[in-house]
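Next comes upload.json, a file with JSON, C-alpha atoms and all ligand atoms.
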```
[["chain", "number", "residue", "atom", "x", "y", "z"],
["A", 16, "MET", "CA", -18.10, -4.09, 21.29],
["A", 17, "THR", "CA", -21.30, -6.13, 21.08],
["A", 18, "GLU", "CA", -22.12, -8.06, 17.92],
["A", 19, "ILE", "CA", -25.16, -5.82, 17.42],
["A", 20, "ALA", "CA", -23.03, -2.67, 17.61],
["A", 21, "ARG", "CA", -20.50, -4.22, 15.18],
["A", 22, "SER", "CA", -23.27, -5.11, 12.75],
["A", 23, "ARG", "CA", -24.61, -1.58, 12.94],
["A", 24, "ILE", "CA", -21.21, -0.12, 12.03],
["A", 25, "PHE", "CA", -20.96, -2.46, 9.04],
["A", 26, "ALA", "CA", -24.48, -1.56, 7.95],
["A", 27, "ASP", "CA", -23.68, 2.14, 8.29],
["A", 28, "ALA", "CA", -20.42, 1.77, 6.33],
["A", 29, "ALA", "CA", -22.20, -0.21, 3.61],
["A", 30, "SER", "CA", -24.93, 2.39, 3.29],
["A", 31, "ARG", "CA", -22.34, 5.20, 2.98],
["A", 32, "ILE", "CA", -20.63, 3.30, 0.18],
["A", 33, "ARG", "CA", -23.91, 2.54, -1.60],
["A", 34, "ALA", "CA", -24.96, 6.18, -1.28],
["A", 35, "VAL", "CA", -21.94, 7.48, -3.22],
["A", 36, "GLY", "CA", -20.76, 4.48, -5.28],
["A", 37, "PRO", "CA", -18.73, 4.57, -7.56],
["A", 38, "ASN", "CA", -17.38, 7.71, -5.95],
["A", 39, "VAL", "CA", -15.45, 5.61, -3.42],
["A", 40, "VAL", "CA", -11.66, 5.55, -3.27],
["A", 41, "ALA", "CA", -9.56, 3.05, -1.31],
["A", 42, "LEU", "CA", -6.22, 3.89, 0.31],
["A", 43, "THR", "CA", -4.29, 0.74, 1.20],
["A", 44, "GLY", "CA", -1.11, -0.07, 3.08],
["A", 45, "ALA", "CA", 1.01, -3.06, 3.95],
["A", 46, "GLY", "CA", -1.58, -4.44, 6.37],
["A", 47, "ILE", "CA", -3.84, -5.47, 3.49],
["A", 48, "SER", "CA", -1.11, -7.80, 2.17],
["A", 49, "VAL", "CA", -0.15, -9.41, 5.49],
["A", 50, "GLU", "CA", -2.68, -12.20, 4.88],
["A", 51, "SER", "CA", -0.90, -12.81, 1.56],
["A", 52, "GLY", "CA", 2.32, -13.60, 3.43],
["A", 53, "ILE", "CA", 4.04, -10.23, 3.02],
["A", 54, "PRO", "CA", 5.19, -8.71, 6.33],
["A", 55, "ALA", "CA", 4.11, -5.21, 7.25],
["A", 56, "PHE", "CA", 6.77, -2.64, 8.03],
["A", 57, "ARG", "CA", 5.70, -1.60, 11.52],
["A", 58, "GLY", "CA", 4.15, -3.45, 14.43],
["A", 59, "SER", "CA", 4.94, -6.96, 15.62],
["A", 60, "GLN", "CA", 7.09, -8.94, 13.13],
["A", 61, "GLY", "CA", 7.46, -5.76, 11.07],
["A", 62, "LEU", "CA", 10.20, -5.52, 8.45],
["A", 63, "TRP", "CA", 11.62, -2.47, 10.17],
["A", 64, "ASP", "CA", 12.22, -4.55, 13.29],
["A", 65, "ARG", "CA", 14.78, -6.51, 11.26],
["A", 66, "PHE", "CA", 16.14, -3.80, 8.99],
["A", 67, "ASP", "CA", 16.67, -0.20, 10.12],
["A", 68, "PRO", "CA", 14.89, 1.77, 7.36],
["A", 69, "MET", "CA", 17.44, 4.56, 7.64],
["A", 70, "GLU", "CA", 20.17, 2.01, 6.80],
["A", 71, "TYR", "CA", 18.27, -0.05, 4.22],
["A", 72, "ALA", "CA", 15.39, 1.96, 2.77],
["A", 73, "THR", "CA", 16.73, 5.40, 1.86],
["A", 74, "ILE", "CA", 18.00, 6.45, -1.56],
["A", 75, "GLU", "CA", 21.21, 7.60, 0.13],
["A", 76, "ALA", "CA", 21.75, 4.12, 1.63],
["A", 77, "PHE", "CA", 21.15, 2.49, -1.75],
["A", 78, "SER", "CA", 23.52, 4.86, -3.55],
["A", 79, "ALA", "CA", 26.24, 4.38, -0.90],
["A", 80, "ASN", "CA", 25.99, 0.59, -0.64],
["A", 81, "PRO", "CA", 23.54, -1.09, -3.04],
["A", 82, "GLU", "CA", 24.83, -4.57, -2.17],
["A", 83, "LYS", "CA", 23.84, -4.00, 1.49],
["A", 84, "VAL", "CA", 20.35, -2.85, 0.57],
["A", 85, "TRP", "CA", 19.99, -5.86, -1.72],
["A", 86, "GLY", "CA", 20.57, -7.89, 1.45],
["A", 87, "MET", "CA", 17.06, -6.74, 2.44],
["A", 88, "PHE", "CA", 15.57, -6.94, -1.07],
["A", 89, "SER", "CA", 16.82, -10.53, -1.49],
["A", 90, "GLY", "CA", 14.76, -11.59, 1.52],
["A", 91, "LEU", "CA", 11.64, -9.58, 0.69],
["A", 92, "LEU", "CA", 11.33, -10.00, -3.09],
["A", 93, "PRO", "CA", 10.73, -13.78, -2.99],
["A", 94, "LEU", "CA", 7.72, -13.14, -0.70],
["A", 95, "LEU", "CA", 6.36, -10.62, -3.20],
["A", 96, "LEU", "CA", 6.96, -12.99, -6.11],
["A", 97, "ALA", "CA", 5.17, -15.83, -4.30],
["A", 98, "ALA", "CA", 2.26, -13.77, -2.94],
["A", 99, "ALA", "CA", -1.31, -14.09, -4.16],
["A", 100, "PRO", "CA", -4.22, -11.71, -3.58],
["A", 101, "ASN", "CA", -6.24, -12.35, -0.41],
["A", 102, "PRO", "CA", -9.95, -11.68, 0.23],
["A", 103, "ALA", "CA", -9.21, -8.03, 1.03],
["A", 104, "HIS", "CA", -7.75, -7.40, -2.44],
["A", 105, "LEU", "CA", -10.54, -9.46, -4.02],
["A", 106, "GLY", "CA", -13.16, -7.50, -2.08],
["A", 107, "LEU", "CA", -11.91, -4.18, -3.42],
["A", 108, "SER", "CA", -11.78, -5.59, -6.93],
["A", 109, "GLY", "CA", -15.35, -6.81, -6.45],
["A", 110, "LEU", "CA", -16.51, -3.37, -5.34],
["A", 111, "GLU", "CA", -14.88, -1.83, -8.44],
["A", 112, "GLY", "CA", -16.51, -4.46, -10.64],
["A", 113, "ALA", "CA", -19.90, -3.71, -9.06],
["A", 114, "GLY", "CA", -19.48, 0.00, -9.78],
["A", 115, "MET", "CA", -19.02, 0.77, -6.08],
["A", 116, "LEU", "CA", -15.35, 1.84, -6.17],
["A", 117, "ARG", "CA", -13.51, 4.23, -8.49],
["A", 118, "SER", "CA", -9.84, 3.65, -7.67],
["A", 119, "VAL", "CA", -7.34, 2.16, -5.28],
["A", 120, "VAL", "CA", -4.44, 4.30, -4.09],
["A", 121, "THR", "CA", -1.92, 1.84, -2.73],
["A", 122, "GLN", "CA", 1.32, 2.38, -0.82],
["A", 123, "ASN", "CA", 2.17, -1.25, -1.56],
["A", 124, "VAL", "CA", 4.56, -2.31, -4.31],
["A", 125, "ASP", "CA", 3.37, -5.93, -4.53],
["A", 126, "GLY", "CA", 0.94, -5.61, -7.46],
["A", 127, "LEU", "CA", -1.68, -7.67, -5.61],
["A", 128, "HIS", "CA", -4.53, -5.25, -6.32],
["A", 129, "GLN", "CA", -3.99, -5.69, -10.06],
["A", 130, "ALA", "CA", -3.59, -9.44, -9.59],
["A", 131, "ALA", "CA", -6.99, -9.42, -7.83],
["A", 132, "GLY", "CA", -8.58, -7.72, -10.85],
["A", 133, "SER", "CA", -8.57, -4.07, -9.77],
["A", 134, "ARG", "CA", -8.15, -1.95, -12.91],
["A", 135, "ASN", "CA", -7.72, 1.57, -11.56],
["A", 136, "VAL", "CA", -4.73, 1.29, -9.20],
["A", 137, "ILE", "CA", -2.49, 4.22, -8.33],
["A", 138, "GLU", "CA", 0.89, 2.90, -7.14],
["A", 139, "TYR", "CA", 1.93, 5.68, -4.79],
["A", 140, "HIS", "CA", 5.28, 4.11, -3.89],
["A", 141, "GLY", "CA", 6.03, 2.48, -7.24],
["A", 142, "SER", "CA", 6.13, -1.25, -7.85],
["A", 143, "PHE", "CA", 8.61, -4.10, -7.78],
["A", 144, "ARG", "CA", 7.66, -5.19, -11.34],
["A", 145, "GLU", "CA", 10.66, -3.39, -12.85],
["A", 146, "LEU", "CA", 14.27, -2.61, -12.00],
["A", 147, "VAL", "CA", 15.86, 0.73, -12.90],
["A", 148, "CYS", "CA", 19.46, 1.85, -13.37],
["A", 149, "LEU", "CA", 20.21, 5.05, -11.45],
["A", 150, "SER", "CA", 23.11, 5.78, -13.78],
["A", 151, "CYS", "CA", 21.70, 5.43, -17.31],
["A", 152, "TRP", "CA", 17.96, 5.10, -16.39],
["A", 153, "LYS", "CA", 17.58, 1.87, -18.39],
["A", 154, "ARG", "CA", 14.70, -0.27, -17.11],
["A", 155, "TYR", "CA", 14.47, -4.06, -16.89],
["A", 156, "PRO", "CA", 11.67, -6.47, -15.93],
["A", 157, "MET", "CA", 12.07, -7.98, -12.44],
["A", 158, "ALA", "CA", 12.34, -11.33, -14.25],
["A", 159, "VAL", "CA", 16.04, -10.61, -14.94],
["A", 160, "TRP", "CA", 16.60, -11.41, -11.26],
["A", 161, "SER", "CA", 15.70, -14.63, -9.45],
["A", 162, "PRO", "CA", 15.78, -15.45, -5.73],
["A", 163, "GLY", "CA", 19.32, -16.46, -4.81],
["A", 164, "ASP", "CA", 20.93, -14.39, -7.56],
["A", 165, "ALA", "CA", 23.48, -11.69, -6.87],
["A", 166, "PRO", "CA", 22.17, -8.12, -7.16],
["A", 167, "PRO", "CA", 21.24, -7.55, -10.83],
["A", 168, "ARG", "CA", 23.40, -5.20, -12.89],
["A", 169, "CYS", "CA", 22.64, -2.93, -15.81],
["A", 170, "GLU", "CA", 24.49, -3.26, -19.11],
["A", 171, "CYS", "CA", 26.46, -0.25, -17.87],
["A", 172, "ARG", "CA", 27.45, -2.41, -14.83],
["A", 173, "GLU", "CA", 25.56, -0.36, -12.22],
["A", 174, "ILE", "CA", 23.57, -2.40, -9.66],
["A", 175, "LEU", "CA", 19.87, -2.03, -10.46],
["A", 176, "LYS", "CA", 17.21, -0.75, -8.02],
["A", 177, "PRO", "CA", 13.65, -2.09, -7.84],
["A", 178, "ASP", "CA", 11.34, 0.66, -9.13],
["A", 179, "ILE", "CA", 9.98, 1.38, -5.66],
["A", 180, "VAL", "CA", 10.09, 4.72, -3.83],
["A", 181, "LEU", "CA", 12.75, 4.71, -1.13],
["A", 182, "PHE", "CA", 12.80, 7.29, 1.64],
["A", 183, "GLY", "CA", 14.28, 10.49, 0.23],
["A", 184, "GLU", "CA", 12.87, 9.84, -3.27],
["A", 185, "PRO", "CA", 9.93, 11.80, -4.68],
["A", 186, "ILE", "CA", 6.51, 10.21, -5.09],
["A", 187, "PRO", "CA", 5.89, 9.62, -8.83],
["A", 188, "TRP", "CA", 4.30, 12.94, -9.79],
["A", 189, "GLY", "CA", 1.40, 11.39, -11.69],
["A", 190, "ALA", "CA", 0.54, 9.10, -8.79],
["A", 191, "GLN", "CA", 0.67, 11.91, -6.27],
["A", 192, "ALA", "CA", -1.47, 14.25, -8.37],
["A", 193, "THR", "CA", -4.07, 11.59, -9.16],
["A", 194, "ALA", "CA", -4.23, 10.35, -5.57],
["A", 195, "GLU", "CA", -4.74, 13.87, -4.27],
["A", 196, "ALA", "CA", -7.43, 14.61, -6.86],
["A", 197, "ASP", "CA", -9.18, 11.36, -5.95],
["A", 198, "ALA", "CA", -9.01, 12.19, -2.22],
["A", 199, "LYS", "CA", -10.47, 15.64, -2.85],
["A", 200, "SER", "CA", -13.35, 14.39, -4.99],
["A", 201, "CYS", "CA", -14.42, 11.11, -3.40],
["A", 202, "GLY", "CA", -17.54, 10.68, -1.28],
["A", 203, "VAL", "CA", -16.04, 7.85, 0.79],
["A", 204, "LEU", "CA", -12.36, 7.10, 1.45],
["A", 205, "LEU", "CA", -11.91, 3.47, 2.51],
["A", 206, "VAL", "CA", -8.57, 3.27, 4.36],
["A", 207, "ALA", "CA", -7.28, -0.28, 4.86],
["A", 208, "GLY", "CA", -4.12, -1.61, 6.49],
["A", 209, "THR", "CA", -2.02, 1.49, 6.92],
["A", 210, "SER", "CA", -0.36, 2.89, 10.04],
["A", 211, "ALA", "CA", -0.81, 6.36, 8.50],
["A", 212, "GLN", "CA", 2.67, 7.41, 9.56],
["A", 213, "VAL", "CA", 4.42, 8.07, 6.25],
["A", 214, "PHE", "CA", 4.14, 11.41, 4.53],
["A", 215, "PRO", "CA", 2.67, 12.41, 2.08],
["A", 216, "ALA", "CA", 0.36, 9.36, 1.80],
["A", 217, "CYS", "CA", -0.75, 9.80, 5.42],
["A", 218, "GLU", "CA", -2.25, 13.20, 4.53],
["A", 219, "LEU", "CA", -4.76, 11.79, 2.05],
["A", 220, "PRO", "CA", -7.44, 10.84, 4.63],
["A", 221, "ALA", "CA", -7.43, 14.36, 6.12],
["A", 222, "ILE", "CA", -7.60, 15.86, 2.62],
["A", 223, "ALA", "CA", -10.55, 13.63, 1.78],
["A", 224, "ARG", "CA", -12.39, 14.51, 4.99],
["A", 225, "LEU", "CA", -11.68, 18.22, 4.50],
["A", 226, "HIS", "CA", -13.41, 17.93, 1.13],
["A", 227, "GLY", "CA", -16.48, 16.25, 2.55],
["A", 228, "ALA", "CA", -15.68, 12.56, 2.30],
["A", 229, "VAL", "CA", -16.69, 9.98, 4.90],
["A", 230, "VAL", "CA", -13.56, 8.13, 6.08],
["A", 231, "ILE", "CA", -13.98, 4.43, 6.80],
["A", 232, "GLU", "CA", -10.93, 2.74, 8.34],
["A", 233, "ILE", "CA", -10.10, -0.98, 8.43],
["A", 234, "ASN", "CA", -7.25, -1.99, 10.70],
["A", 235, "THR", "CA", -6.42, -4.57, 13.36],
["A", 236, "GLU", "CA", -5.59, -1.73, 15.72],
["A", 237, "GLU", "CA", -6.16, 2.02, 16.11],
["A", 238, "THR", "CA", -3.91, 4.41, 14.19],
["A", 239, "PRO", "CA", -3.31, 8.19, 14.38],
["A", 240, "LEU", "CA", -6.32, 8.48, 12.05],
["A", 241, "THR", "CA", -8.78, 6.58, 14.19],
["A", 242, "ARG", "CA", -9.68, 9.27, 16.74],
["A", 243, "THR", "CA", -8.93, 12.31, 14.55],
["A", 244, "THR", "CA", -10.06, 11.63, 11.00],
["A", 245, "THR", "CA", -11.91, 8.32, 10.82],
["A", 246, "ASP", "CA", -15.70, 8.39, 10.82],
["A", 247, "LEU", "CA", -16.25, 4.61, 10.97],
["A", 248, "PHE", "CA", -13.59, 2.25, 12.35],
["A", 249, "LEU", "CA", -14.00, -1.40, 11.31],
["A", 250, "LYS", "CA", -11.56, -3.22, 13.58],
["A", 251, "GLY", "CA", -10.22, -6.53, 12.36],
["A", 252, "LYS", "CA", -8.16, -8.30, 9.75],
["A", 253, "ALA", "CA", -8.60, -6.74, 6.32],
["A", 254, "GLY", "CA", -9.54, -10.05, 4.66],
["A", 255, "GLU", "CA", -12.38, -10.79, 7.05],
["A", 256, "VAL", "CA", -13.61, -7.20, 7.39],
["A", 257, "MET", "CA", -13.54, -6.49, 3.64],
["A", 258, "THR", "CA", -15.46, -9.67, 2.90],
["A", 259, "LYS", "CA", -18.12, -8.74, 5.43],
["A", 260, "LEU", "CA", -18.28, -5.14, 4.17],
["A", 261, "VAL", "CA", -18.66, -6.19, 0.52],
["A", 262, "GLU", "CA", -21.45, -8.58, 1.50],
["A", 263, "ALA", "CA", -23.20, -5.74, 3.39],
["A", 264, "VAL", "CA", -22.86, -3.44, 0.37],
["A", 265, "ARG", "CA", -24.40, -5.97, -2.01],
["B", 1, "LIG", "N1", -5.52, -6.40, 8.45],
["B", 1, "LIG", "C1", -5.64, -5.06, 8.59],
["B", 1, "LIG", "N2", -4.65, -4.26, 9.06],
["B", 1, "LIG", "C2", -3.49, -4.86, 9.39],
["B", 1, "LIG", "C3", -3.28, -6.26, 9.27],
["B", 1, "LIG", "C4", -4.37, -7.04, 8.77],
["B", 1, "LIG", "N3", -4.28, -8.37, 8.63],
["B", 1, "LIG", "N4", -2.02, -6.54, 9.69],
["B", 1, "LIG", "C5", -1.46, -5.37, 10.04],
["B", 1, "LIG", "N5", -2.34, -4.37, 9.88],
["B", 1, "LIG", "C6", -2.13, -2.94, 10.09],
["B", 1, "LIG", "C7", -1.21, -2.56, 11.20],
["B", 1, "LIG", "O1", -1.96, -2.39, 12.42],
["B", 1, "LIG", "C8", -0.65, -1.22, 10.72],
["B", 1, "LIG", "O2", -1.49, -0.15, 11.11],
["B", 1, "LIG", "O3", -1.52, -2.47, 8.90],
["B", 1, "LIG", "C9", -0.69, -1.34, 9.20],
["B", 1, "LIG", "C10", 0.67, -1.55, 8.57],
["B", 1, "LIG", "O4", 1.42, -0.39, 8.81],
["B", 1, "LIG", "P1", 2.87, -0.26, 8.13],
["B", 1, "LIG", "O5", 3.63, -1.51, 8.30],
["B", 1, "LIG", "O6", 3.45, 1.03, 8.65],
["B", 1, "LIG", "O7", 2.57, -0.12, 6.57],
["B", 1, "LIG", "P2", 2.15, 1.16, 5.77],
["B", 1, "LIG", "O8", 1.22, 2.02, 6.53],
["B", 1, "LIG", "O9", 1.70, 0.70, 4.42],
["B", 1, "LIG", "O10", 3.56, 1.94, 5.59],
["B", 1, "LIG", "C11", 3.58, 3.03, 4.73],
["B", 1, "LIG", "O11", 5.97, 3.15, 5.02],
["B", 1, "LIG", "O12", 7.99, 2.13, 5.20],
["B", 1, "LIG", "C12", 7.16, 2.79, 4.33],
["B", 1, "LIG", "O13", 7.18, 2.63, 2.01],
["B", 1, "LIG", "C13", 6.77, 1.95, 3.15],
["B", 1, "LIG", "O14", 4.68, 2.01, 1.93],
["B", 1, "LIG", "C14", 5.25, 1.90, 3.22],
["B", 1, "LIG", "C15", 4.91, 3.10, 4.07]]
```

Spit out the file's structure as structure tokens when you get a sec.
Amino acid sequence: MTEIARSRIFADAASRIRAVGPNVVALTGAGISVESGIPAFRGSQGLWDRFDPMEYATIEAFSANPEKVWGMFSGLLPLLLAAAPNPAHLGLSGLEGAGMLRSVVTQNVDGLHQAAGSRNVIEYHGSFRELVCLSCWKRYPMAVWSPGDAPPRCECREILKPDIVLFGEPIPWGAQATAEADAKSCGVLLVAGTSAQVFPACELPAIARLHGAVVIEINTEETPLTRTTTDLFLKGKAGEVMTKLVEAVR
């Protein structure tokens, strides 16, 4: 694509956002946090290349063998604890601060949108901030566990689970309802860093488009959305693209 064509797409995307701001909603996935040092799940170097999600990321696997699943958590949690927001998170926070974005629906559990200053964040797959006991439902701050520790246990001796949605668990009902209402009512859905392969989050772009929204997609590569649902595809790393888009909006 020529530089002129690329600039035109950015200008078009910026004008769509300006035309409806703040009625813009962002849907983000793991790709937006890759530049913060957190691996994505799919694609090259993806987490699921190292851990079979059916063995490590289902609620059945956790219930059957929590120590085994903590073998994955113990490697991933330190990256989440050490991560800082990157320009993509900061760009979305900047759009919200400028009255050009209403909410962020994130599939990520890393809390980086909030750390970047975003105030209206819907955590569709929960967050790693807390641990929960599946036996007595007591909750604990993640701070009760430190990298290198054994899996944390509840007072009732059960091994605790990070408060993230594993495969086979329901989406928190409030998050799902709010995300769907936002998708149905937004004028622009800005989709960044998701492979759009996991249900029901992957349905949100089609819902938004069905209700009249313009879908703008940011990704390093095409996804199942790109040729079916996306109106404007901004190819590239989320940090660079978001920075350029926010500048074009201003
Ligand atoms: N900038 C933009 N996009 C990127 C970048 C980057 N720097 N790096 C990777 N990507 C893209 C990839 O091309 C891919 O399309 O981000 C996407 C990451 O896809 P996944 O790893 O599948 O992450 P996600 O879509 O968030 O997964 C959804 O699946 O396993 C479950 O619960 C998990 O929330 C997760 C859900």

Exercise: Ala98 of chain A partners within 8 Å, all atoms listed in the file, chain neighbours under 2 positions left out, as a compact mmCIF listing (two decimals) with C-alpha atoms, keeping the file's coordinate frame:
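Writing done, so here's out-v4.txt:
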```
# COMPACT_ATOMS: atom_id res chain seq x y z
CA SER A 51 -0.90 -12.81 1.56
CA GLY A 52 2.32 -13.60 3.43
CA ILE A 53 4.04 -10.23 3.02
CA LEU A 94 7.72 -13.14 -0.70
CA LEU A 95 6.36 -10.62 -3.20
CA LEU A 96 6.96 -12.99 -6.11
CA PRO A 100 -4.22 -11.71 -3.58
CA LEU A 127 -1.68 -7.67 -5.61
```

Any residue with an atom at most 7 Å from ligand LIG 1 (chain B) counts, using all atoms listed in the file. Which are they? Put them as a ChimeraX atom specification. /A:43-47,49-50,55-58,61,122-123,140,180-181,207-213,233-236,238,251-254

With distances taken over all atoms listed in the file, which residue among A:Leu91, A:Ala158, A:Leu110, A:Ile32 lies nearest Val230 of chain A?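 Once distances to Val230 of chain A are computed over all atoms listed in the file, the minimum belongs to A:Ile32.
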
Nearest to Ala228 of chain A by atom-to-atom distance, counting only C-alpha atoms, from A:Ala130, A:Glu262, A:Ile19, A:Val40: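 Using only C-alpha atoms, Ala228 of chain A sits closest to A:Val40.
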
So the first atom is atom CA of Asn38 of chain A and the second is atom CA of Ile24 of chain A; what is the distance between them in Å, to one decimal place? 20.0 Å

So what do you get for atom CA of Glu184 of chain A versus atom CA of Arg134 of chain A, distance-wise?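 So the answer is 26.0 Å.
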
Atom pair atom CA of Val39 of chain A / atom CA of Glu255 of chain A: separation (Å):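 Interatomic distance here is 19.7 Å.
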
In terms of the shortest atom-to-atom distance over all atoms listed in the file, which of A:Ala192, A:Ala97, A:Ala29, A:Cys151 is closest to Glu173 of chain A?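 Selected residue with least distance to Glu173 of chain A: A:Cys151.
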
Just checking: using only C-alpha atoms, which residue out of A:Arg154, A:Leu149, A:Val159, A:Leu240 ends up closest to Pro81 of chain A?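 When distances to Pro81 of chain A are compared using only C-alpha atoms, the smallest one comes from A:Leu149.
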
Selection near Gly141 of chain A, 7 Å with all atoms listed in the file, sequence-local residues under 4 positions removed, as a list in words: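 Contacts, in chain order: Val124, Asp178, Ile179 and Val180 of chain A.
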
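Across A:Val256, A:Leu116, A:Cys148, A:Leu249, the tightest approach to Leu42 of chain A is made by A:Leu116 when counting only C-alpha atoms.
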
Using the file's own x, y and z axes, what box holds all listed atoms of segment 129-147 of chain A with 4 Å on each side, keeping edges along x, y and z, and what are its centre and edge lengths in Å to one decimal, as AutoDock Vina command-line options?
```
--center_x 3.6 --center_y -1.9 --center_z -8.4 --size_x 32.4 --size_y 23.1 --size_z 17.0
```

Fewer than 4 positions away in the same chain doesn't count, so skip those; otherwise give me all residues within 10 Å of Leu92 of chain A, counting all atoms listed in the file, as a PyMOL selection string. chain A and resi 53+85+87-88+96-98+125+143+157+160-162+177

From A:Glu145, A:Glu170, A:Glu138, A:Glu70, residue lying nearest Ala41 of chain A [all atoms listed in the file]: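 Looking only at the distances to Ala41 of chain A, the closest residue turns out to be A:Glu138.
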